[in-house]
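Asker: Following this line is start07.cif, made up of mmCIF, C-alpha atoms:
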data_model
#
loop_
_atom_site.label_atom_id
_atom_site.label_comp_id
_atom_site.auth_asym_id
_atom_site.auth_seq_id
_atom_site.Cartn_x
_atom_site.Cartn_y
_atom_site.Cartn_z
CA MET A 1 -7.78 -0.64 23.96
CA GLY A 2 -10.15 2.27 24.43
CA TYR A 3 -7.24 4.71 24.50
CA LYS A 4 -5.87 3.35 21.21
CA LEU A 5 -9.27 3.68 19.53
CA LEU A 6 -9.64 7.27 20.73
CA TYR A 7 -6.13 8.12 19.58
CA THR A 8 -6.76 6.67 16.11
CA GLY A 9 -10.05 8.56 15.98
CA GLY A 10 -8.18 11.81 16.68
CA ILE A 11 -5.60 11.05 13.99
CA LEU A 12 -8.35 10.39 11.43
CA PHE A 13 -10.13 13.60 12.45
CA PHE A 14 -7.04 15.70 11.75
CA TYR A 15 -6.40 13.82 8.50
CA ILE A 16 -9.94 14.44 7.24
CA LEU A 17 -9.68 18.07 8.37
CA GLY A 18 -6.45 18.54 6.41
CA ARG A 19 -8.05 17.04 3.29
CA GLY A 20 -10.55 19.90 3.39
CA ILE A 21 -8.00 22.75 3.54
CA PRO A 22 -7.52 24.06 -0.03
CA LEU A 23 -4.25 25.18 -1.53
CA TYR A 24 -3.85 28.94 -1.74
CA GLY A 25 -4.98 30.65 -4.92
CA LEU A 26 -6.64 27.71 -6.66
CA ASP A 27 -9.47 28.24 -9.11
CA SER A 28 -12.78 27.13 -7.61
CA SER A 29 -13.33 24.87 -10.66
CA ALA A 30 -10.66 22.56 -9.25
CA TYR A 31 -13.07 21.53 -6.50
CA MET A 32 -15.71 20.55 -9.04
CA HIS A 33 -13.47 17.80 -10.41
CA THR A 34 -14.31 14.36 -9.09
CA THR A 35 -12.80 10.93 -9.59
CA ASP A 36 -14.14 9.84 -12.97
CA ASN A 37 -11.77 7.16 -14.20
CA ALA A 38 -10.25 3.93 -12.97
CA GLU A 39 -6.73 5.29 -12.58
CA GLU A 40 -7.75 8.18 -10.34
CA LEU A 41 -9.92 5.91 -8.21
CA LEU A 42 -7.08 3.42 -7.70
CA MET A 43 -4.50 6.13 -7.05
CA GLN A 44 -6.85 7.69 -4.51
CA THR A 45 -6.10 4.78 -2.15
CA ILE A 46 -2.68 6.32 -1.47
CA GLY A 47 -3.52 9.89 -2.49
CA GLY A 48 -5.13 12.64 -0.48
CA ASP A 49 -8.49 14.21 -1.24
CA ARG A 50 -10.46 13.14 -4.32
CA CYS A 51 -9.80 16.44 -6.10
CA ARG A 52 -6.10 16.42 -5.09
CA CYS A 53 -6.15 20.15 -4.44
CA SER A 54 -5.82 20.34 -0.66
CA VAL A 55 -2.71 20.62 1.51
CA PHE A 56 -2.92 16.82 1.81
CA ALA A 57 -3.08 16.40 -1.98
CA LEU A 58 -0.06 14.07 -2.10
CA GLY A 59 -1.54 11.76 0.50
CA ILE A 60 0.57 8.95 1.86
CA SER A 61 2.25 8.09 -1.46
CA PRO A 62 5.63 9.82 -0.72
CA TYR A 63 5.87 7.93 2.57
CA MET A 64 4.99 4.61 0.96
CA LEU A 65 7.49 5.06 -1.87
CA ALA A 66 10.22 6.08 0.58
CA SER A 67 9.44 3.04 2.75
CA LEU A 68 9.66 0.81 -0.32
CA PHE A 69 13.09 2.16 -1.28
CA VAL A 70 14.34 1.85 2.31
CA GLN A 71 13.23 -1.79 2.46
CA ILE A 72 15.01 -2.53 -0.82
CA ILE A 73 18.19 -0.85 0.51
CA LEU A 74 18.00 -2.88 3.72
CA LEU A 75 17.52 -6.08 1.73
CA CYS A 76 20.58 -5.32 -0.41
CA LYS A 77 22.68 -4.48 2.66
CA SER A 78 21.66 -7.67 4.46
CA ASN A 79 22.68 -9.72 1.39
CA ARG A 80 26.13 -8.11 1.32
CA SER A 81 26.86 -8.24 5.07
CA ASN A 82 25.34 -9.15 8.40
CA ALA A 83 25.52 -5.57 9.66
CA VAL A 84 22.40 -4.43 11.48
CA VAL A 85 21.01 -1.01 10.56
CA SER A 86 19.73 0.94 13.55
CA THR A 87 16.09 1.96 13.84
CA ARG A 88 17.13 5.60 14.06
CA LYS A 89 19.00 5.40 10.75
CA ILE A 90 16.00 3.75 9.08
CA ARG A 91 13.77 6.58 10.33
CA VAL A 92 16.21 9.19 8.99
CA TRP A 93 16.32 7.48 5.59
CA SER A 94 12.51 7.30 5.48
CA LEU A 95 12.19 10.96 6.45
CA MET A 96 14.69 12.14 3.83
CA GLY A 97 13.14 9.93 1.16
CA THR A 98 9.64 11.18 1.96
CA LEU A 99 10.78 14.80 1.79
CA PHE A 100 12.58 14.30 -1.54
CA LEU A 101 9.68 12.44 -3.17
CA ALA A 102 7.15 14.94 -1.83
CA VAL A 103 9.05 17.78 -3.51
CA ILE A 104 9.23 15.90 -6.83
CA GLN A 105 5.53 14.92 -6.77
CA SER A 106 4.37 18.40 -5.77
CA LEU A 107 6.35 19.97 -8.63
CA PHE A 108 4.57 17.67 -11.10
CA ARG A 109 1.17 18.15 -9.45
CA VAL A 110 1.32 21.95 -9.32
CA GLN A 111 1.64 22.10 -13.12
CA GLU A 112 -1.82 20.50 -13.44
CA LEU A 113 -3.65 22.78 -11.01
CA PRO A 114 -5.70 25.81 -12.18
CA PHE A 115 -4.97 29.05 -10.28
CA GLU A 116 -7.00 32.23 -9.85
CA ILE A 117 -3.93 34.42 -9.58
CA ALA A 118 -2.71 37.23 -11.79
CA SER A 119 0.11 36.17 -14.11
CA GLU A 120 2.71 38.29 -12.32
CA PHE A 121 2.01 36.42 -9.06
CA LEU A 122 1.50 32.97 -10.58
CA MET A 123 5.02 31.66 -9.94
CA GLY A 124 4.84 32.74 -6.32
CA ALA A 125 1.46 31.03 -5.90
CA LYS A 126 2.80 27.81 -7.41
CA ALA A 127 5.86 27.90 -5.15
CA LEU A 128 3.58 28.39 -2.15
CA ALA A 129 1.39 25.49 -3.28
CA VAL A 130 4.47 23.26 -3.55
CA GLY A 131 5.46 24.25 -0.01
CA GLU A 132 1.95 23.52 1.25
CA MET A 133 1.84 20.07 -0.36
CA VAL A 134 5.31 19.14 0.93
CA THR A 135 4.35 20.30 4.42
CA GLY A 136 1.13 18.31 4.18
CA ALA A 137 3.05 15.17 3.18
CA MET A 138 5.33 15.54 6.19
CA VAL A 139 2.33 16.05 8.48
CA ILE A 140 0.79 12.86 7.07
CA LEU A 141 4.08 11.05 7.80
CA TRP A 142 3.89 12.30 11.39
CA LEU A 143 0.25 11.23 11.72
CA ALA A 144 1.02 7.74 10.34
CA GLU A 145 3.98 7.30 12.70
CA ARG A 146 2.00 8.46 15.74
CA ASN A 147 -0.90 6.18 14.89
CA LYS A 148 1.49 3.28 14.42
CA LYS A 149 2.96 3.90 17.88
CA TYR A 150 -0.12 4.81 19.92
CA GLY A 151 -3.15 3.84 17.83
CA ILE A 152 -4.47 0.96 15.73
CA GLY A 153 -3.78 0.15 12.10
CA GLY A 154 -0.77 2.37 11.47
CA GLN A 155 -0.70 3.97 8.03
CA THR A 156 -3.47 1.70 6.72
CA MET A 157 -6.06 3.74 8.63
CA LEU A 158 -5.31 6.71 6.37
CA ILE A 159 -5.65 4.45 3.33
CA PHE A 160 -8.92 3.18 4.81
CA VAL A 161 -10.31 6.74 4.83
CA ASN A 162 -9.28 7.28 1.20
CA ILE A 163 -10.91 4.05 0.03
CA LEU A 164 -14.09 4.69 1.99
CA ASP A 165 -14.31 8.18 0.50
CA GLY A 166 -13.96 6.80 -3.02
CA LEU A 167 -16.53 4.05 -2.40
CA ILE A 168 -19.11 6.47 -1.04
CA ALA A 169 -18.58 8.86 -3.98
CA THR A 170 -18.90 6.02 -6.52
CA LEU A 171 -21.93 4.34 -4.95
CA SER A 172 -23.80 7.62 -4.43
CA LYS A 173 -23.81 8.61 -8.11
CA HIS A 174 -25.04 5.33 -9.61
CA ALA A 175 -28.43 3.64 -9.70
CA ILE A 176 -28.96 0.32 -7.94
CA ASP A 177 -29.44 -1.64 -11.18
CA SER A 178 -26.07 -0.48 -12.57
CA LEU A 179 -24.34 -1.59 -9.36
CA ALA A 180 -25.64 -5.16 -9.41
CA VAL A 181 -22.85 -6.77 -11.46
CA PRO A 182 -19.91 -4.83 -9.93
CA LEU A 183 -21.17 -5.49 -6.40
CA GLY A 184 -21.67 -9.18 -7.22
CA ILE A 185 -18.06 -9.41 -8.40
CA SER A 186 -16.98 -7.46 -5.32
CA ILE A 187 -18.61 -10.03 -3.04
CA VAL A 188 -16.76 -12.85 -4.81
CA VAL A 189 -13.47 -10.94 -4.49
CA MET A 190 -14.11 -10.31 -0.79
CA VAL A 191 -14.70 -14.03 -0.19
CA ILE A 192 -11.45 -14.86 -2.03
CA VAL A 193 -9.50 -12.34 0.07
CA LEU A 194 -11.04 -13.68 3.30
CA ILE A 195 -10.04 -17.23 2.36
CA MET A 196 -6.50 -16.13 1.50
CA GLU A 197 -6.14 -14.13 4.71
CA ASN A 198 -7.34 -16.99 6.89
CA THR A 199 -5.64 -19.92 5.13
CA GLU A 200 -2.09 -20.89 5.98
CA LYS A 201 0.54 -23.39 4.96
CA ARG A 202 1.79 -25.32 7.98
CA ILE A 203 5.37 -26.57 7.78
CA PRO A 204 6.05 -29.26 10.45
CA VAL A 205 8.83 -28.30 12.88
CA GLN A 206 10.67 -30.61 15.24
CA ARG A 207 11.41 -28.82 18.54
CA ILE A 208 13.95 -30.41 20.83
CA SER A 209 12.45 -28.81 23.95
CA ILE A 210 9.04 -30.53 23.58
CA HIS A 211 8.79 -34.22 24.51
CA ASN A 212 5.07 -34.70 25.09
CA ILE A 213 1.92 -35.33 23.08
CA TYR A 214 2.19 -31.84 21.52
CA ALA A 215 5.53 -32.61 19.86
CA ASP A 216 3.78 -33.62 16.64
CA LYS A 217 1.64 -30.46 16.56
CA ASN A 218 4.42 -27.89 16.11
CA TYR A 219 4.57 -26.10 12.80
CA LEU A 220 5.72 -22.94 11.05
CA ALA A 221 2.67 -21.12 9.67
CA ILE A 222 2.79 -18.95 6.52
CA LYS A 223 -0.40 -17.37 5.20
CA LEU A 224 -1.57 -18.14 1.69
CA ASN A 225 -1.56 -14.36 1.29
CA PRO A 226 1.83 -13.80 3.00
CA ILE A 227 1.65 -10.02 3.42
CA GLY A 228 -2.01 -9.29 2.71
CA VAL A 229 -3.13 -6.65 0.23
CA MET A 230 -0.17 -4.37 0.99
CA PRO A 231 1.40 -5.01 -2.47
CA VAL A 232 -1.74 -3.68 -4.18
CA MET A 233 -1.40 -0.38 -2.32
CA PHE A 234 2.37 -0.20 -2.81
CA ALA A 235 1.97 -1.08 -6.50
CA SER A 236 -0.10 2.10 -6.90
CA ALA A 237 2.78 4.10 -5.43
CA PHE A 238 5.34 2.12 -7.43
CA PHE A 239 3.41 2.80 -10.65
CA MET A 240 4.12 6.52 -10.20
CA ILE A 241 7.81 5.89 -10.94
CA PRO A 242 7.38 4.90 -14.63
CA GLN A 243 4.79 7.66 -14.94
CA PHE A 244 7.23 10.27 -13.67
CA LEU A 245 10.04 8.87 -15.83
CA THR A 246 8.00 8.91 -19.04
CA ALA A 247 6.68 12.40 -18.22
CA ALA A 248 10.22 13.68 -17.63
CA LEU A 249 11.54 12.05 -20.79
CA GLY A 250 8.60 13.47 -22.74
CA TYR A 251 9.46 16.94 -21.42
CA TRP A 252 13.13 16.59 -22.40
CA PHE A 253 12.45 14.89 -25.76
CA PRO A 254 9.13 16.33 -26.99
CA ASP A 255 9.64 15.09 -30.56
CA HIS A 256 10.57 11.49 -29.80
CA GLU A 257 7.63 9.36 -30.96
CA ARG A 258 8.43 6.25 -28.92
CA ILE A 259 8.80 8.23 -25.70
CA LEU A 260 5.57 10.13 -26.37
CA TRP A 261 3.77 6.83 -27.01
CA TRP A 262 4.90 5.45 -23.64
CA LYS A 263 3.98 8.73 -21.94
CA GLU A 264 0.44 8.57 -23.34
CA ASN A 265 0.01 4.86 -22.55
CA MET A 266 1.55 4.80 -19.06
CA THR A 267 -1.91 4.98 -17.50
CA LEU A 268 -4.28 2.46 -15.98
CA THR A 269 -6.77 3.12 -18.77
CA SER A 270 -4.50 1.60 -21.45
CA ALA A 271 -3.22 -1.96 -21.89
CA PRO A 272 0.56 -1.20 -21.67
CA GLY A 273 0.08 0.71 -18.41
CA ILE A 274 -2.02 -2.10 -16.92
CA VAL A 275 0.64 -4.69 -17.84
CA VAL A 276 3.34 -2.58 -16.14
CA TYR A 277 1.16 -2.17 -13.06
CA ILE A 278 0.40 -5.90 -12.77
CA ALA A 279 4.09 -6.75 -13.32
CA GLY A 280 4.96 -4.36 -10.49
CA LEU A 281 2.39 -6.12 -8.30
CA TYR A 282 4.07 -9.49 -8.91
CA VAL A 283 7.53 -8.09 -8.15
CA LEU A 284 6.41 -6.30 -4.98
CA THR A 285 4.46 -9.28 -3.66
CA ILE A 286 7.44 -11.62 -3.96
CA LEU A 287 9.89 -8.95 -2.76
CA PHE A 288 7.84 -8.06 0.33
CA SER A 289 7.29 -11.73 1.08
CA MET A 290 11.05 -12.26 1.13
CA ILE A 291 11.60 -9.13 3.25
CA PHE A 292 8.93 -9.60 5.90
CA ILE A 293 9.06 -13.41 6.05
CA SER A 294 12.82 -13.65 5.81
CA PRO A 295 13.94 -17.25 5.22
CA GLY A 296 17.42 -16.33 6.42
CA ASP A 297 16.15 -15.01 9.77
CA ILE A 298 13.88 -18.03 10.29
CA THR A 299 16.77 -20.39 9.52
CA GLU A 300 19.03 -18.56 11.96
CA GLN A 301 16.39 -18.72 14.72
CA LEU A 302 15.97 -22.46 14.16
CA LEU A 303 19.74 -22.96 14.33
CA LYS A 304 20.02 -21.00 17.58
CA SER A 305 17.20 -22.93 19.24
CA GLY A 306 18.35 -26.31 17.91
CA ASP A 307 15.03 -26.91 16.18
CA SER A 308 14.57 -27.98 12.57
CA ILE A 309 12.01 -28.51 9.84
CA LEU A 310 10.97 -32.12 9.66
CA ASN A 311 13.12 -34.25 7.31
CA LEU A 312 15.42 -31.31 6.44
CA HIS A 313 18.99 -30.58 7.46
CA ALA A 314 19.39 -27.36 9.42
CA GLY A 315 21.15 -24.45 7.73
CA ARG A 316 21.46 -24.08 3.98
CA ASP A 317 18.93 -26.80 3.05
CA THR A 318 16.33 -25.24 5.33
CA GLU A 319 16.92 -21.76 3.92
CA LYS A 320 16.63 -23.01 0.33
CA TYR A 321 13.39 -24.82 1.13
CA LEU A 322 11.86 -21.79 2.88
CA THR A 323 12.94 -19.46 0.09
CA LYS A 324 11.29 -21.69 -2.48
CA GLU A 325 8.06 -21.95 -0.45
CA ILE A 326 7.85 -18.20 0.23
CA ILE A 327 8.42 -17.36 -3.45
CA ARG A 328 5.80 -19.92 -4.45
CA LEU A 329 3.22 -18.55 -2.00
CA GLY A 330 4.06 -14.99 -3.04
CA PHE A 331 3.56 -15.91 -6.70
CA VAL A 332 0.21 -17.58 -5.96
CA SER A 333 -0.91 -14.52 -3.95
CA ALA A 334 0.18 -12.16 -6.74
CA ALA A 335 -1.57 -14.32 -9.35
CA ILE A 336 -4.88 -14.24 -7.48
CA MET A 337 -4.79 -10.52 -6.69
CA GLY A 338 -3.43 -9.74 -10.14
CA SER A 339 -6.29 -11.66 -11.76
CA CYS A 340 -8.85 -9.61 -9.82
CA LEU A 341 -7.10 -6.38 -10.77
CA SER A 342 -6.66 -7.38 -14.42
CA LEU A 343 -10.33 -8.30 -14.72
CA SER A 344 -11.40 -4.89 -13.44
CA LEU A 345 -8.81 -2.84 -15.31
CA PHE A 346 -9.18 -4.53 -18.72
CA TRP A 347 -12.95 -4.66 -18.32
CA GLN A 348 -13.15 -0.89 -17.89
CA ILE A 349 -11.14 -0.38 -21.12
CA GLY A 350 -13.70 -2.13 -23.31
CA SER A 351 -16.79 -0.87 -21.51
CA GLY A 352 -18.74 2.16 -22.50
CA ALA A 353 -20.13 2.61 -19.00
CA ASP A 354 -18.60 4.61 -16.15
CA ASN A 355 -15.34 2.78 -15.59
CA THR A 356 -15.24 3.65 -11.89
CA LEU A 357 -17.86 0.91 -11.42
CA TYR A 358 -15.34 -1.73 -12.45
CA MET A 359 -12.90 -0.55 -9.78
CA LEU A 360 -15.35 -1.40 -7.00
CA PRO A 361 -14.01 -5.00 -6.70
CA VAL A 362 -10.48 -3.63 -6.23
CA SER A 363 -11.63 -1.17 -3.56
CA PHE A 364 -13.52 -3.89 -1.72
CA MET A 365 -10.51 -6.21 -2.00
CA ILE A 366 -8.22 -3.67 -0.31
CA LEU A 367 -10.89 -2.79 2.25
CA THR A 368 -11.37 -6.46 3.17
CA GLY A 369 -7.64 -6.97 3.60
CA ILE A 370 -7.40 -3.90 5.86
CA TRP A 371 -10.37 -5.11 7.95
CA CYS A 372 -8.75 -8.53 8.41
CA ASN A 373 -5.52 -6.95 9.60
CA LEU A 374 -7.36 -4.57 11.92
CA TRP A 375 -9.34 -7.46 13.40
CA GLN A 376 -6.20 -9.52 13.99
CA GLU A 377 -4.43 -6.54 15.56
CA THR A 378 -7.43 -5.80 17.80
CA VAL A 379 -7.60 -9.42 18.98
CA SER A 380 -3.86 -9.38 19.72
CA ILE A 381 -4.12 -6.14 21.72
CA CYS A 382 -7.09 -7.44 23.73
CA SER A 383 -5.23 -10.69 24.47
CA TYR A 384 -2.13 -8.77 25.55
CA GLU A 385 -4.15 -6.51 27.85
CA ALA A 386 -5.86 -9.54 29.41
CA TYR A 387 -2.46 -11.11 30.18
CA ARG A 388 -1.12 -7.79 31.47
CA ARG A 389 -3.94 -7.54 34.01
CA PHE A 390 -3.15 -11.11 35.10
CA LEU A 391 0.54 -10.28 35.57
CA PHE A 392 -0.19 -7.31 37.81
CA LEU A 393 -2.52 -9.22 40.13
#
Translate this file's structure into structure tokens.
Answerer:
Amino acid sequence: MGYKLLYTGGILFFYILGRGIPLYGLDSSAYMHTTDNAEELLMQTIGGDRCRCSVFALGISPYMLASLFVQIILLCKSNRSNAVVSTRKIRVWSLMGTLFLAVIQSLFRVQELPFEIASEFLMGAKALAVGEMVTGAMVILWLAERNKKYGIGGQTMLIFVNILDGLIATLSKHAIDSLAVPLGISIVVMVIVLIMENTEKRIPVQRISIHNIYADKNYLAIKLNPIGVMPVMFASAFFMIPQFLTAALGYWFPDHERILWWKENMTLTSAPGIVVYIAGLYVLTILFSMIFISPGDITEQLLKSGDSILNLHAGRDTEKYLTKEIIRLGFVSAAIMGSCLSLSLFWQIGSGADNTLYMLPVSFMILTGIWCNLWQETVSICSYEAYRRFLFL
């Protein structure tokens, strides 16, 4: 356990160090920009530094988007056939997807950065900045994979650093009296997330191998929040897709009024953008619930072991029932998290105050979910190490 903690500490050290390495040739005014709206604060959870002008400016978003696309591809393949995709092939797909998305995002990002370079060298400086950001994204991918294998928390530890950075920056520039209401809402949101993370639906299972007093205590447990706050983080990455599409269409059709309207409103500071973001959250929550808690795999395992859900026929009836329950729990989870997000996002539209205050509940919601997962992972590792010592006695 101590080795894993030290390894994760080293990964975070290099990640924080990379966030402080500026891109070549940038104007010093770029470093004076801080997160001053709700969209930037939310996107910072998967982004790099707050100013987005370091070699880690893209953050973990290319990796998350690539992972999302790979999971969707795997889901489609499993629906068409029972062929198993090798781990190596999944890694190659993720690597290629991350590289492709990093190039696309860096090309968009470099157009927004101010440079202190003479005009005749500007194109070369921008090309170098693109190369630096792409390289940084691949280094982040390597750090996340190494931490997943040898450390604790996987990629969420990098997200944890981003959220903590944003929280400290927000809390440090506001007076205590202005923080009272947002922090009060944040506490309520944290309690809701804790309840969701520690509440589960127990489906009674009849196991043919158990014939004692514990036969009636067997169940299949599914959390009320089936996959935690992961959809909130992935929704931020997913929201970049309509943003990129509207930006590209606006570039190709600069005189099209409808396209320009969507381009201007595809932000988290306008109602249409918020609706798209929340809709993406619903879709991702249900999709990830079906992927990671696969009713087909559970049904197959029950069939192989000869077990069954109480009062249900094995096979198709069981799979239909599990699919319905997982979709229902995913919808409930999305509704609760979506309500918290909608409250914060729509509140900041109509408020004249600093709208980053109203994103504090969202930040605390994600932070609480990450802490719950880290705690559960730590308990599991400690339990495993205790058993391992027993086995080697």
Asker: Of the candidates A:Met157, A:Glu325, A:Gly296, A:Val188, which shows the shortest atom-to-atom distance to Met365 in chain A, using all atoms listed in the file?
Answerer: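 Checking each of A:Met157, A:Glu325, A:Gly296, A:Val188 against Met365 in chain A, counting all atoms listed in the file, the winner is A:Val188.
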Asker: Tell me, as a list of chain:residue names, which residues lie within 7 Å of Lys263 in chain A, counting all atoms listed in the file; anything in the same chain fewer than 4 positions away does not count.
Answerer: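 With the cut-off at 7 Å, the set is A:Thr246, A:Ala247, A:Gly250, A:Ile259.
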Asker: Which residue gives the smallest distance to Lys4 in chain A among A:Gly131, A:Gly154, A:Gly97, A:Gly59, with only C-alpha atoms counted?
Answerer: A:Gly154
Asker: Applying 12 Å and only C-alpha atoms, which residues near Thr135 in chain A remain after dropping the ones on its own chain fewer than 4 positions away? List them as a list in words.
Answerer: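 After dropping sequence-adjacent residues, the list is Gly18, Leu23, Ser54, Val55, Phe56, Ala57, Leu58, Gly59, Pro62, Thr98, Leu99, Phe100, Ala102, Val103, Ser106, Leu128, Ala129, Val130, Gly131, Val139, Ile140, Leu141 and Trp142 of chain A.
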Asker: Could you name the residues that touch Phe13 in chain A at 12 Å or less, counting all atoms listed in the file, but leaving out those on the same chain fewer than 6 positions away, as a list in words?
Answerer: Leu6, Tyr7, Arg19, Gly20, Leu143, Met157, Leu158 and Val161 of chain A
Asker: Could you expand the PyMOL selection byres ((chain A and resi 273-284) around 8) into the explicit residues it covers here, written as a PyMOL selection string?
Answerer: chain A and resi 231-232+234-236+238-239+265-272+285-288+331+334-335+338+341-342+345-346
